[in-house]
$ cat input.pdb   # PDB, C-alpha atoms
ATOM      1  CA  MET L   1      -4.927  20.887  10.663
ATOM      2  CA  ARG L   2      -2.814  18.080  12.030
ATOM      3  CA  PRO L   3       0.872  18.484  12.906
ATOM      4  CA  SER L   4       3.110  17.891   9.929
ATOM      5  CA  ASP L   5       5.313  15.266  11.520
ATOM      6  CA  ARG L   6       3.348  12.251  10.343
ATOM      7  CA  SER L   7       4.626   9.629   7.945
ATOM      8  CA  ALA L   8       3.444   6.497   6.163
ATOM      9  CA  PRO L   9       4.944   3.399   4.450
ATOM     10  CA  SER L  10       5.382   2.702   0.758
ATOM     11  CA  SER L  11       7.020   0.246  -1.586
ATOM     12  CA  ALA L  12       9.510   0.295  -4.435
ATOM     13  CA  ILE L  13      10.173  -1.894  -7.449
ATOM     14  CA  PRO L  14      11.611  -1.688 -10.971
ATOM     15  CA  PRO L  15      10.109   0.437 -13.763
ATOM     16  CA  PRO L  16       7.148   2.391 -12.417
ATOM     17  CA  ALA L  17       3.451   1.764 -12.789
ATOM     18  CA  ARG L  18       1.096   4.578 -12.158
ATOM     19  CA  LEU L  19      -2.183   4.687 -10.248
ATOM     20  CA  ARG L  20      -4.002   7.825  -9.376
ATOM     21  CA  ALA L  21      -6.770   8.013  -6.819
ATOM     22  CA  ALA L  22      -8.295  10.922  -5.021
ATOM     23  CA  SER L  23      -9.089  10.449  -1.378
ATOM     24  CA  PRO L  24      -9.465  12.180   1.977
ATOM     25  CA  ALA L  25      -6.394  10.632   3.466
ATOM     26  CA  ARG L  26      -2.822  10.056   2.470
ATOM     27  CA  PRO L  27      -1.027   6.823   1.784
ATOM     28  CA  GLN L  28       2.588   6.003   2.494
ATOM     29  CA  THR L  29       6.007   7.110   1.325
ATOM     30  CA  HIS L  30       9.374   5.740   0.289
ATOM     31  CA  THR L  31      10.489   2.327   1.215
ATOM     32  CA  GLY L  32      14.026   1.127   1.316
ATOM     33  CA  ASN L  33      16.613  -0.490   3.511
ATOM     34  CA  GLN L  34      19.006   1.089   5.940
ATOM     35  CA  GLN L  35      21.537   1.506   3.178
ATOM     36  CA  GLY L  36      19.097   3.475   1.050
ATOM     37  CA  HIS L  37      16.693   2.413  -1.662
ATOM     38  CA  PRO L  38      18.613  -0.068  -3.855
ATOM     39  CA  LEU L  39      15.756  -0.926  -6.193
ATOM     40  CA  ARG L  40      15.133   2.726  -6.786
ATOM     41  CA  GLN L  41      18.799   3.301  -7.608
ATOM     42  CA  GLN L  42      18.885   0.355 -10.010
ATOM     43  CA  ARG L  43      15.890   1.353 -12.055
ATOM     44  CA  GLY L  44      16.985   2.029 -15.599
ATOM     45  CA  GLN L  45      15.399   2.925 -18.901
ATOM     46  CA  PRO L  46      12.078   1.379 -19.833
ATOM     47  CA  THR L  47      12.249  -1.950 -21.616
ATOM     48  CA  GLY L  48       9.546  -1.055 -24.105
ATOM     49  CA  GLY L  49       7.615  -4.231 -23.385
ATOM     50  CA  ARG L  50       8.251  -7.851 -22.505
ATOM     51  CA  THR L  51      11.533  -9.362 -23.611
ATOM     52  CA  PRO L  52      12.243 -12.966 -24.635
ATOM     53  CA  GLN L  53      13.649 -13.393 -21.107
ATOM     54  CA  ALA L  54      10.113 -12.825 -19.760
ATOM     55  CA  LEU L  55      10.742  -9.562 -17.983
ATOM     56  CA  ALA L  56       7.372  -8.008 -17.217
ATOM     57  CA  GLU L  57       7.528  -4.442 -15.940
ATOM     58  CA  THR L  58       4.338  -2.546 -16.538
ATOM     59  CA  PRO L  59       3.769   0.831 -14.861
ATOM     60  CA  HIS L  60       0.307   1.677 -13.586
ATOM     61  CA  SER L  61      -0.632   4.916 -11.914
ATOM     62  CA  SER L  62      -3.700   5.524  -9.819
ATOM     63  CA  CYS L  63      -5.409   8.517  -8.307
ATOM     64  CA  ARG L  64      -7.758   8.275  -5.329
ATOM     65  CA  THR L  65      -9.610  11.298  -4.037
ATOM     66  CA  LEU L  66     -10.786  11.480  -0.436
ATOM     67  CA  PRO L  67     -12.792  13.930   1.643
ATOM     68  CA  GLY L  68     -10.453  15.787   3.990
ATOM     69  CA  GLY L  69      -6.979  17.264   3.914
ATOM     70  CA  GLU L  70      -3.601  15.742   3.178
ATOM     71  CA  GLU L  71      -2.149  16.828   6.505
ATOM     72  CA  GLU L  72      -4.831  15.177   8.650
ATOM     73  CA  TYR L  73      -4.673  11.961   6.640
ATOM     74  CA  ARG L  74      -1.169  11.336   7.869
ATOM     75  CA  ILE L  75      -2.627  10.097  11.133
ATOM     76  CA  GLY L  76      -5.598   8.464   9.425
ATOM     77  CA  GLN L  77      -3.521   6.234   7.204
ATOM     78  CA  LEU L  78      -1.293   5.072  10.079
ATOM     79  CA  TYR L  79      -4.385   4.234  12.113
ATOM     80  CA  MET L  80      -6.033   2.457   9.187
ATOM     81  CA  ILE L  81      -2.989   0.351   8.292
ATOM     82  CA  SER L  82      -2.532  -0.883  11.871
ATOM     83  CA  LYS L  83      -6.195  -1.690  12.441
ATOM     84  CA  HIS L  84      -6.665  -3.264   9.012
ATOM     85  CA  SER L  85      -3.598  -5.498   9.459
ATOM     86  CA  HIS L  86      -4.903  -6.670  12.829
ATOM     87  CA  GLU L  87      -8.366  -7.436  11.438
ATOM     88  CA  GLN L  88      -6.963  -9.384   8.489
ATOM     89  CA  SER L  89      -4.547 -11.489  10.567
ATOM     90  CA  ASP L  90      -5.688 -14.812  11.990
ATOM     91  CA  ARG L  91      -4.707 -18.483  12.262
ATOM     92  CA  GLY L  92      -1.109 -17.905  11.274
ATOM     93  CA  GLU L  93      -1.860 -15.716   8.258
ATOM     94  CA  GLY L  94      -1.664 -11.949   8.049
ATOM     95  CA  VAL L  95       0.959  -9.324   8.805
ATOM     96  CA  GLU L  96       3.967  -9.719  11.100
ATOM     97  CA  VAL L  97       5.762  -6.458  11.930
ATOM     98  CA  VAL L  98       9.516  -7.074  11.989
ATOM     99  CA  GLN L  99      10.759  -3.493  12.259
ATOM    100  CA  ASN L 100       9.208  -0.050  12.768
ATOM    101  CA  GLU L 101      11.570   2.762  13.647
ATOM    102  CA  PRO L 102      12.599   6.317  12.717
ATOM    103  CA  TYR L 103      14.741   6.611   9.612
ATOM    104  CA  GLU L 104      16.658   9.539   8.131
ATOM    105  CA  ASP L 105      17.319   9.871   4.414
ATOM    106  CA  PRO L 106      19.831  12.399   3.021
ATOM    107  CA  ASN L 107      17.368  13.479   0.319
ATOM    108  CA  HIS L 108      13.955  13.079   1.942
ATOM    109  CA  GLY L 109      14.805  13.902   5.527
ATOM    110  CA  ASN L 110      13.229  12.259   8.578
ATOM    111  CA  GLY L 111      10.782   9.429   8.086
ATOM    112  CA  GLN L 112       9.790   5.999   9.323
ATOM    113  CA  LEU L 113      11.134   2.639   8.135
ATOM    114  CA  THR L 114       8.804  -0.324   8.484
ATOM    115  CA  GLU L 115       9.471  -3.952   7.554
ATOM    116  CA  LYS L 116       6.710  -6.558   7.564
ATOM    117  CA  ARG L 117       6.183 -10.164   6.560
ATOM    118  CA  VAL L 118       2.826 -10.915   4.969
ATOM    119  CA  TYR L 119       1.684 -14.554   5.159
ATOM    120  CA  LEU L 120      -1.179 -15.127   2.735
ATOM    121  CA  ASN L 121      -1.060 -18.560   1.129
ATOM    122  CA  SER L 122      -4.787 -19.274   1.500
ATOM    123  CA  LYS L 123      -5.655 -15.981  -0.205
ATOM    124  CA  LEU L 124      -3.816 -16.872  -3.409
ATOM    125  CA  PRO L 125      -5.666 -18.103  -6.506
ATOM    126  CA  SER L 126      -5.430 -21.840  -7.155
ATOM    127  CA  TRP L 127      -2.949 -21.452 -10.021
ATOM    128  CA  ALA L 128      -0.567 -19.573  -7.700
ATOM    129  CA  ARG L 129      -0.932 -22.010  -4.793
ATOM    130  CA  ALA L 130       0.103 -24.778  -7.167
ATOM    131  CA  VAL L 131       3.581 -23.291  -7.628
ATOM    132  CA  VAL L 132       4.453 -21.959  -4.162
ATOM    133  CA  PRO L 133       5.221 -23.733  -0.874
ATOM    134  CA  LYS L 134       2.374 -24.351   1.570
ATOM    135  CA  ILE L 135       3.777 -21.627   3.822
ATOM    136  CA  PHE L 136       5.545 -18.595   2.406
ATOM    137  CA  TYR L 137       5.580 -14.862   2.962
ATOM    138  CA  ILE L 138       5.975 -11.601   1.122
ATOM    139  CA  THR L 139       8.356  -9.041   2.599
ATOM    140  CA  GLU L 140       7.185  -5.420   2.660
ATOM    141  CA  LYS L 141       9.631  -2.589   3.287
ATOM    142  CA  ALA L 142       8.224   0.901   3.494
ATOM    143  CA  TRP L 143       9.917   4.275   3.830
ATOM    144  CA  ASN L 144       7.455   6.916   4.931
ATOM    145  CA  TYR L 145       8.493  10.526   4.342
ATOM    146  CA  TYR L 146       4.950  11.759   4.350
ATOM    147  CA  PRO L 147       3.556  13.130   2.100
ATOM    148  CA  TYR L 148       5.895  10.956   0.010
ATOM    149  CA  THR L 149       6.363   7.218   0.553
ATOM    150  CA  ILE L 150       8.088   4.276  -1.102
ATOM    151  CA  THR L 151       7.096   0.644  -0.618
ATOM    152  CA  GLU L 152       8.888  -2.456  -1.879
ATOM    153  CA  TYR L 153       7.519  -5.992  -1.932
ATOM    154  CA  THR L 154       9.603  -9.096  -2.527
ATOM    155  CA  CYS L 155       8.689 -12.764  -2.265
ATOM    156  CA  SER L 156      10.410 -15.428  -0.177
ATOM    157  CA  PHE L 157       9.783 -18.028  -2.891
ATOM    158  CA  LEU L 158      10.159 -15.921  -6.059
ATOM    159  CA  PRO L 159      13.324 -13.811  -5.777
ATOM    160  CA  LYS L 160      12.766 -12.452  -9.306
ATOM    161  CA  PHE L 161       9.412 -10.966  -8.346
ATOM    162  CA  SER L 162       9.070  -7.457  -6.935
ATOM    163  CA  ILE L 163       6.601  -4.606  -6.658
ATOM    164  CA  HIS L 164       7.561  -0.960  -6.326
ATOM    165  CA  ILE L 165       5.032   1.662  -5.227
ATOM    166  CA  GLU L 166       5.634   5.360  -4.899
ATOM    167  CA  THR L 167       2.953   7.492  -3.260
ATOM    168  CA  LYS L 168       2.440  11.231  -3.106
ATOM    169  CA  TYR L 169      -0.385  13.083  -1.369
ATOM    170  CA  GLU L 170      -1.693  16.472  -2.414
ATOM    171  CA  ASP L 171      -4.642  18.685  -1.565
ATOM    172  CA  ASN L 172      -6.455  18.502  -4.903
ATOM    173  CA  LYS L 173      -8.968  16.242  -6.652
ATOM    174  CA  GLY L 174      -6.507  14.415  -8.903
ATOM    175  CA  SER L 175      -5.645  17.297 -11.188
ATOM    176  CA  ASN L 176      -1.833  16.996 -11.087
ATOM    177  CA  ASP L 177      -0.967  15.010 -14.221
ATOM    178  CA  ASN L 178       2.781  15.608 -13.825
ATOM    179  CA  ILE L 179       3.275  14.518 -10.227
ATOM    180  CA  PHE L 180       5.585  11.603 -11.200
ATOM    181  CA  ASP L 181       6.835  12.867 -14.547
ATOM    182  CA  ASN L 182      10.363  13.639 -13.368
ATOM    183  CA  GLU L 183      10.962   9.938 -12.759
ATOM    184  CA  ALA L 184       8.843   8.179 -15.349
ATOM    185  CA  LYS L 185       8.015  10.633 -18.109
ATOM    186  CA  ASP L 186       9.284   8.336 -20.882
ATOM    187  CA  LEU L 187       7.352   5.272 -19.767
ATOM    188  CA  GLU L 188       4.103   4.124 -21.287
ATOM    189  CA  ARG L 189       1.721   3.941 -18.339
ATOM    190  CA  GLU L 190      -1.815   2.895 -17.647
ATOM    191  CA  VAL L 191      -3.619   5.500 -15.539
ATOM    192  CA  CYS L 192      -6.535   4.589 -13.294
ATOM    193  CA  PHE L 193      -8.832   6.987 -11.418
ATOM    194  CA  ILE L 194     -10.456   5.403  -8.380
ATOM    195  CA  ASP L 195     -13.602   6.657  -6.687
ATOM    196  CA  ILE L 196     -13.813   5.361  -3.094
ATOM    197  CA  ALA L 197     -17.580   5.937  -2.995
ATOM    198  CA  CYS L 198     -18.858   4.772  -6.372
ATOM    199  CA  ASP L 199     -16.381   2.185  -7.693
ATOM    200  CA  GLU L 200     -17.243  -1.436  -6.950
ATOM    201  CA  ILE L 201     -15.205  -3.570  -4.562
ATOM    202  CA  PRO L 202     -15.165  -7.386  -4.271
ATOM    203  CA  GLU L 203     -18.328  -8.526  -2.498
ATOM    204  CA  ARG L 204     -16.388 -10.417   0.179
ATOM    205  CA  TYR L 205     -14.838  -7.136   1.370
ATOM    206  CA  TYR L 206     -18.016  -5.080   1.411
ATOM    207  CA  LYS L 207     -19.326  -3.711   4.712
ATOM    208  CA  GLU L 208     -22.190  -1.235   4.800
ATOM    209  CA  SER L 209     -20.592   0.490   7.811
ATOM    210  CA  GLU L 210     -17.527   1.223   5.644
ATOM    211  CA  ASP L 211     -19.462   2.366   2.571
ATOM    212  CA  PRO L 212     -18.907   6.126   2.011
ATOM    213  CA  LYS L 213     -22.364   6.304   0.422
ATOM    214  CA  HIS L 214     -23.960   5.235   3.730
ATOM    215  CA  PHE L 215     -21.486   6.437   6.368
ATOM    216  CA  LYS L 216     -21.588   9.921   7.887
ATOM    217  CA  SER L 217     -18.988  11.157  10.378
ATOM    218  CA  GLU L 218     -20.304  12.624  13.621
ATOM    219  CA  LYS L 219     -17.102  14.594  14.238
ATOM    220  CA  THR L 220     -16.535  16.048  10.765
ATOM    221  CA  GLY L 221     -19.981  15.922   9.157
ATOM    222  CA  ARG L 222     -18.445  14.227   6.108
ATOM    223  CA  GLY L 223     -20.119  11.322   4.406
ATOM    224  CA  LEU L 224     -23.137  10.086   2.467
ATOM    225  CA  LEU L 225     -21.055  10.653  -0.671
ATOM    226  CA  LYS L 226     -23.021  10.688  -3.905
ATOM    227  CA  GLU L 227     -22.073  10.436  -7.567
ATOM    228  CA  GLY L 228     -20.015  13.505  -8.498
ATOM    229  CA  TRP L 229     -18.950  14.252  -4.908
ATOM    230  CA  ARG L 230     -15.380  14.977  -6.015
ATOM    231  CA  GLU L 231     -16.500  18.057  -7.941
ATOM    232  CA  THR L 232     -18.065  19.782  -4.940
ATOM    233  CA  HIS L 233     -16.592  18.349  -1.731
ATOM    234  CA  GLN L 234     -14.241  20.486   0.394
ATOM    235  CA  PRO L 235     -11.732  19.813   1.796
ATOM    236  CA  ILE L 236     -10.489  17.149  -0.616
ATOM    237  CA  MET L 237      -7.165  15.414  -1.198
ATOM    238  CA  CYS L 238      -5.679  12.923  -3.619
ATOM    239  CA  SER L 239      -3.428   9.920  -3.140
ATOM    240  CA  TYR L 240      -1.262   9.427  -6.248
ATOM    241  CA  LYS L 241       0.438   6.058  -6.686
ATOM    242  CA  LEU L 242       2.968   4.850  -9.219
ATOM    243  CA  VAL L 243       3.059   1.043  -9.221
ATOM    244  CA  THR L 244       5.577  -1.122 -11.070
ATOM    245  CA  VAL L 245       5.555  -4.907 -11.144
ATOM    246  CA  LYS L 246       8.603  -6.955 -12.120
ATOM    247  CA  PHE L 247       8.413 -10.692 -12.705
ATOM    248  CA  GLU L 248      11.090 -12.737 -14.478
ATOM    249  CA  VAL L 249       9.490 -16.167 -14.815
ATOM    250  CA  TRP L 250       8.636 -17.210 -18.346
ATOM    251  CA  GLY L 251       5.047 -18.293 -18.912
ATOM    252  CA  LEU L 252       3.516 -16.680 -15.833
ATOM    253  CA  GLN L 253       4.465 -13.033 -16.135
ATOM    254  CA  THR L 254       1.253 -11.770 -17.759
ATOM    255  CA  ARG L 255      -1.058 -13.590 -15.364
ATOM    256  CA  VAL L 256       0.977 -12.555 -12.326
ATOM    257  CA  GLU L 257       1.188  -8.950 -13.457
ATOM    258  CA  GLN L 258      -2.568  -8.686 -14.011
ATOM    259  CA  PHE L 259      -3.293 -10.389 -10.704
ATOM    260  CA  VAL L 260      -0.950  -8.101  -8.757
ATOM    261  CA  HIS L 261      -2.357  -4.889 -10.223
ATOM    262  CA  LYS L 262      -5.903  -6.029  -9.415
ATOM    263  CA  VAL L 263      -4.933  -6.948  -5.847
ATOM    264  CA  VAL L 264      -3.119  -3.630  -5.324
ATOM    265  CA  ARG L 265      -6.137  -1.731  -6.603
ATOM    266  CA  ASP L 266      -8.550  -3.647  -4.350
ATOM    267  CA  ILE L 267      -6.361  -3.234  -1.268
ATOM    268  CA  LEU L 268      -5.930   0.497  -1.811
ATOM    269  CA  MET L 269      -9.625   0.956  -2.447
ATOM    270  CA  ILE L 270     -10.573  -0.922   0.734
ATOM    271  CA  GLY L 271      -7.907   0.857   2.811
ATOM    272  CA  HIS L 272      -9.039   4.343   1.800
ATOM    273  CA  ARG L 273     -12.692   3.482   2.384
ATOM    274  CA  GLN L 274     -11.794   2.266   5.868
ATOM    275  CA  ALA L 275      -9.674   5.327   6.657
ATOM    276  CA  PHE L 276     -12.675   7.475   5.734
ATOM    277  CA  ALA L 277     -15.235   5.346   7.608
ATOM    278  CA  TRP L 278     -13.030   5.169  10.726
ATOM    279  CA  VAL L 279     -12.405   8.925  10.817
ATOM    280  CA  ASP L 280     -14.273   9.395  14.105
ATOM    281  CA  GLU L 281     -11.875   6.910  15.723
ATOM    282  CA  TRP L 282      -8.675   8.723  14.712
ATOM    283  CA  TYR L 283      -9.688  12.326  14.030
ATOM    284  CA  ASP L 284      -8.803  13.630  17.521
ATOM    285  CA  MET L 285      -5.549  11.669  17.792
ATOM    286  CA  THR L 286      -2.135  13.306  17.990
ATOM    287  CA  MET L 287       0.937  11.780  16.358
ATOM    288  CA  ASP L 288       1.984  10.364  19.735
ATOM    289  CA  ASP L 289      -1.479   8.841  20.158
ATOM    290  CA  VAL L 290      -1.440   7.079  16.810
ATOM    291  CA  ARG L 291       2.118   5.808  17.293
ATOM    292  CA  GLU L 292       1.067   4.272  20.629
ATOM    293  CA  PHE L 293      -1.993   2.735  18.968
ATOM    294  CA  GLU L 294       0.227   1.439  16.168
ATOM    295  CA  LYS L 295       2.638  -0.146  18.670
ATOM    296  CA  ASN L 296      -0.185  -1.895  20.560
ATOM    297  CA  MET L 297      -1.774  -3.166  17.345
ATOM    298  CA  HIS L 298       1.563  -4.492  16.095
ATOM    299  CA  GLU L 299       2.087  -6.449  19.309
ATOM    300  CA  LYS L 300      -1.410  -7.953  19.194
ATOM    301  CA  THR L 301      -1.151  -8.752  15.491
ATOM    302  CA  ASN L 302       2.241 -10.424  15.867
ATOM    303  CA  ILE L 303       0.803 -12.708  18.542
ATOM    304  CA  LYS L 304      -1.969 -13.769  16.142
ATOM    305  CA  VAL L 305       0.482 -14.440  13.306
ATOM    306  CA  CYS L 306       3.894 -15.321  14.680
ATOM    307  CA  ASN L 307       3.206 -18.248  17.001
ATOM    308  CA  GLN L 308       2.666 -20.498  14.006
ATOM    309  CA  HIS L 309       5.594 -19.150  12.000
ATOM    310  CA  SER L 310       8.442 -18.658  14.465
ATOM    311  CA  SER L 311       9.845 -22.097  13.679
ATOM    312  CA  THR L 312       9.169 -22.055   9.933
ATOM    313  CA  VAL L 313      10.900 -18.913   8.646
ATOM    314  CA  ASP L 314      14.263 -20.633   8.270
ATOM    315  CA  GLU L 315      12.556 -23.529   6.482
ATOM    316  CA  ILE L 316      10.818 -21.146   4.092
ATOM    317  CA  GLU L 317      14.039 -19.314   3.240
ATOM    318  CA  SER L 318      15.896 -22.586   2.787
ATOM    319  CA  HIS L 319      13.178 -23.910   0.498
ATOM    320  CA  ALA L 320      13.230 -20.706  -1.559
ATOM    321  CA  LYS L 321      16.998 -20.953  -2.079
ATOM    322  CA  SER L 322      16.873 -24.597  -3.100
ATOM    323  CA  SER L 323      13.945 -23.926  -5.486
ATOM    324  CA  THR L 324      15.801 -21.168  -7.331
TER     325      THR L 324
END
$ encode --input "input.pdb" --output "structure tokens"
Amino acid sequence: MRPSDRSAPSSAIPPPARLRAASPARPQTHTGNQQGHPLRQQRGQPTGGRTPQALAETPHSSCRTLPGGEEEYRIGQLYMISKHSHEQSDRGEGVEVVQNEPYEDPNHGNGQLTEKRVYLNSKLPSWARAVVPKIFYITEKAWNYYPYTITEYTCSFLPKFSIHIETKYEDNKGSNDNIFDNEAKDLEREVCFIDIACDEIPERYYKESEDPKHFKSEKTGRGLLKEGWRETHQPIMCSYKLVTVKFEVWGLQTRVEQFVHKVVRDILMIGHRQAFAWVDEWYDMTMDDVREFEKNMHEKTNIKVCNQHSSTVDEIESHAKSST
């Protein structure tokens, strides 16, 4: 078992959406700012649907099961996030790490606060590129109190858009139906179970070396997962996510909401598959080891991304203000 001092990022937004996925590693915890988690504090009663003011807040929950234990995944998810961000960053697009430091919350205790800027214009669908500046970024703030995390996403160009993700990790195969009920029991939610081995992923993201059906770990003996693996595999853990999307722009809310939930699902699916397929790279790491790896990856990734954006951030923010 790994030491229990690991933590991971997560995001927060208005009314919750719930995703449940069982997986061998754990995702990230609460996200907020240094004054706490304002979006979390402002969340009120469910709206009961879209209003004439075009407020779209639809909760989705997902459950991903993974081979392995919740405690060991704390290192695995930190390793995966850093390596994945580095791989996906190039030519001025990708993930810039602005802040990554210890954080203490009066309710959740010690954790890690991470702030990132995600530049991704070329990855947007054509209908979205038509309404945003050529260069813009999404801000991610994550509070990781592993095994609980909060992540919040906001947009430099759309101040009325936000995503809130709460994550909890448990050693089971997705059997805890009440894991988020204290916070969202009155909301109508869409629940999604995700199988990292058998569910399809977009073809452009597929790599045979990262396919749990074809990969087998030399260090753990895990892998070559077949249909029904969740019923028999031990150890096993589940990553539960509650995802809420808020978008207050009339005429686009449904399309944006559907797009965001699909993107979140794809990203989480790919991330968990990679954490599993890269297990031999991180399995023997200590928390100090993975934090050093994380620091080195952040520095290399920022070099790939920031050189082209250091002079444009002020322009982006200015454009966003004038547009609203």
$ closest_atom_pairs --input "input.pdb" --of "stretch 138-181 of chain L" --to "stretch 235-250 of chain L" --cutoff "8 Å" --atoms "only C-alpha atoms" --output "tab-separated table"
residue	atom	partner	partner_atom	distance
L:Lys160	CA	L:Glu248	CA	5.4
L:Phe161	CA	L:Phe247	CA	4.5
L:Ser162	CA	L:Lys246	CA	5.2
L:Ile163	CA	L:Val245	CA	4.6
L:His164	CA	L:Thr244	CA	5.1
L:Ile165	CA	L:Val243	CA	4.5
L:Glu166	CA	L:Leu242	CA	5.1
L:Thr167	CA	L:Lys241	CA	4.5
L:Lys168	CA	L:Tyr240	CA	5.2
L:Tyr169	CA	L:Ser239	CA	4.7
L:Glu170	CA	L:Cys238	CA	5.5
L:Asp171	CA	L:Met237	CA	4.1
L:Asn172	CA	L:Met237	CA	4.9
L:Lys173	CA	L:Cys238	CA	5.6
L:Gly174	CA	L:Cys238	CA	5.6
L:Ile179	CA	L:Tyr240	CA	7.9
L:Phe180	CA	L:Leu242	CA	7.5
$ residues_around --input "input.pdb" --residues "stretch 290-292 of chain L" --least-positions-apart "3" --cutoff "10 Å" --atoms "only C-alpha atoms" --output "ChimeraX atom specification"
/L:6,74-79,82,282,284-287,295-298
$ closest_atom_pairs --input "input.pdb" --of "stretch 146-211 of chain L" --to "stretch 92-116 of chain L" --cutoff "12 Å" --atoms "only C-alpha atoms" --output "tab-separated table"
residue	atom	partner	partner_atom	distance
L:Tyr146	CA	L:Gly111	CA	7.3
L:Pro147	CA	L:Gly111	CA	10.1
L:Tyr148	CA	L:His108	CA	8.6
L:Thr149	CA	L:Gly111	CA	9.0
L:Ile150	CA	L:Leu113	CA	9.9
L:Thr151	CA	L:Thr114	CA	9.3
L:Glu152	CA	L:Glu115	CA	9.6
L:Tyr153	CA	L:Lys116	CA	9.5
L:Thr154	CA	L:Lys116	CA	10.8
L:Cys155	CA	L:Lys116	CA	11.8
$ resolve_selection --input "input.pdb" --expression "the PyMOL selection byres ((chain L and resi 204-220) around 8)" --output "list in words"
Ile196, Ala197, Cys198, Ile201, Pro202, Glu203, Gly221, Arg222, Gly223, Leu224, Leu225, Lys226, Ile270, Arg273, Gln274, Phe276, Ala277, Trp278, Val279, Asp280 and Tyr283 of chain L
$ atom_distance --input "input.pdb" --atom1 "atom CA of L:Glu227" --atom2 "atom CA of L:Glu72"
24.1 Å
$ closest_residue --input "input.pdb" --among "L:Met269, L:Thr301, L:Ile81, L:Phe157" --to "L:Asp199" --atoms "only C-alpha atoms"
L:Met269
$ axis_aligned_box --input "input.pdb" --around "stretch 260-273 of chain L" --padding-each-side "8 Å" --output "AutoDock Vina command-line options"
--center_x -6.8 --center_y -1.9 --center_z -3.7 --size_x 27.7 --size_y 28.4 --size_z 29.0
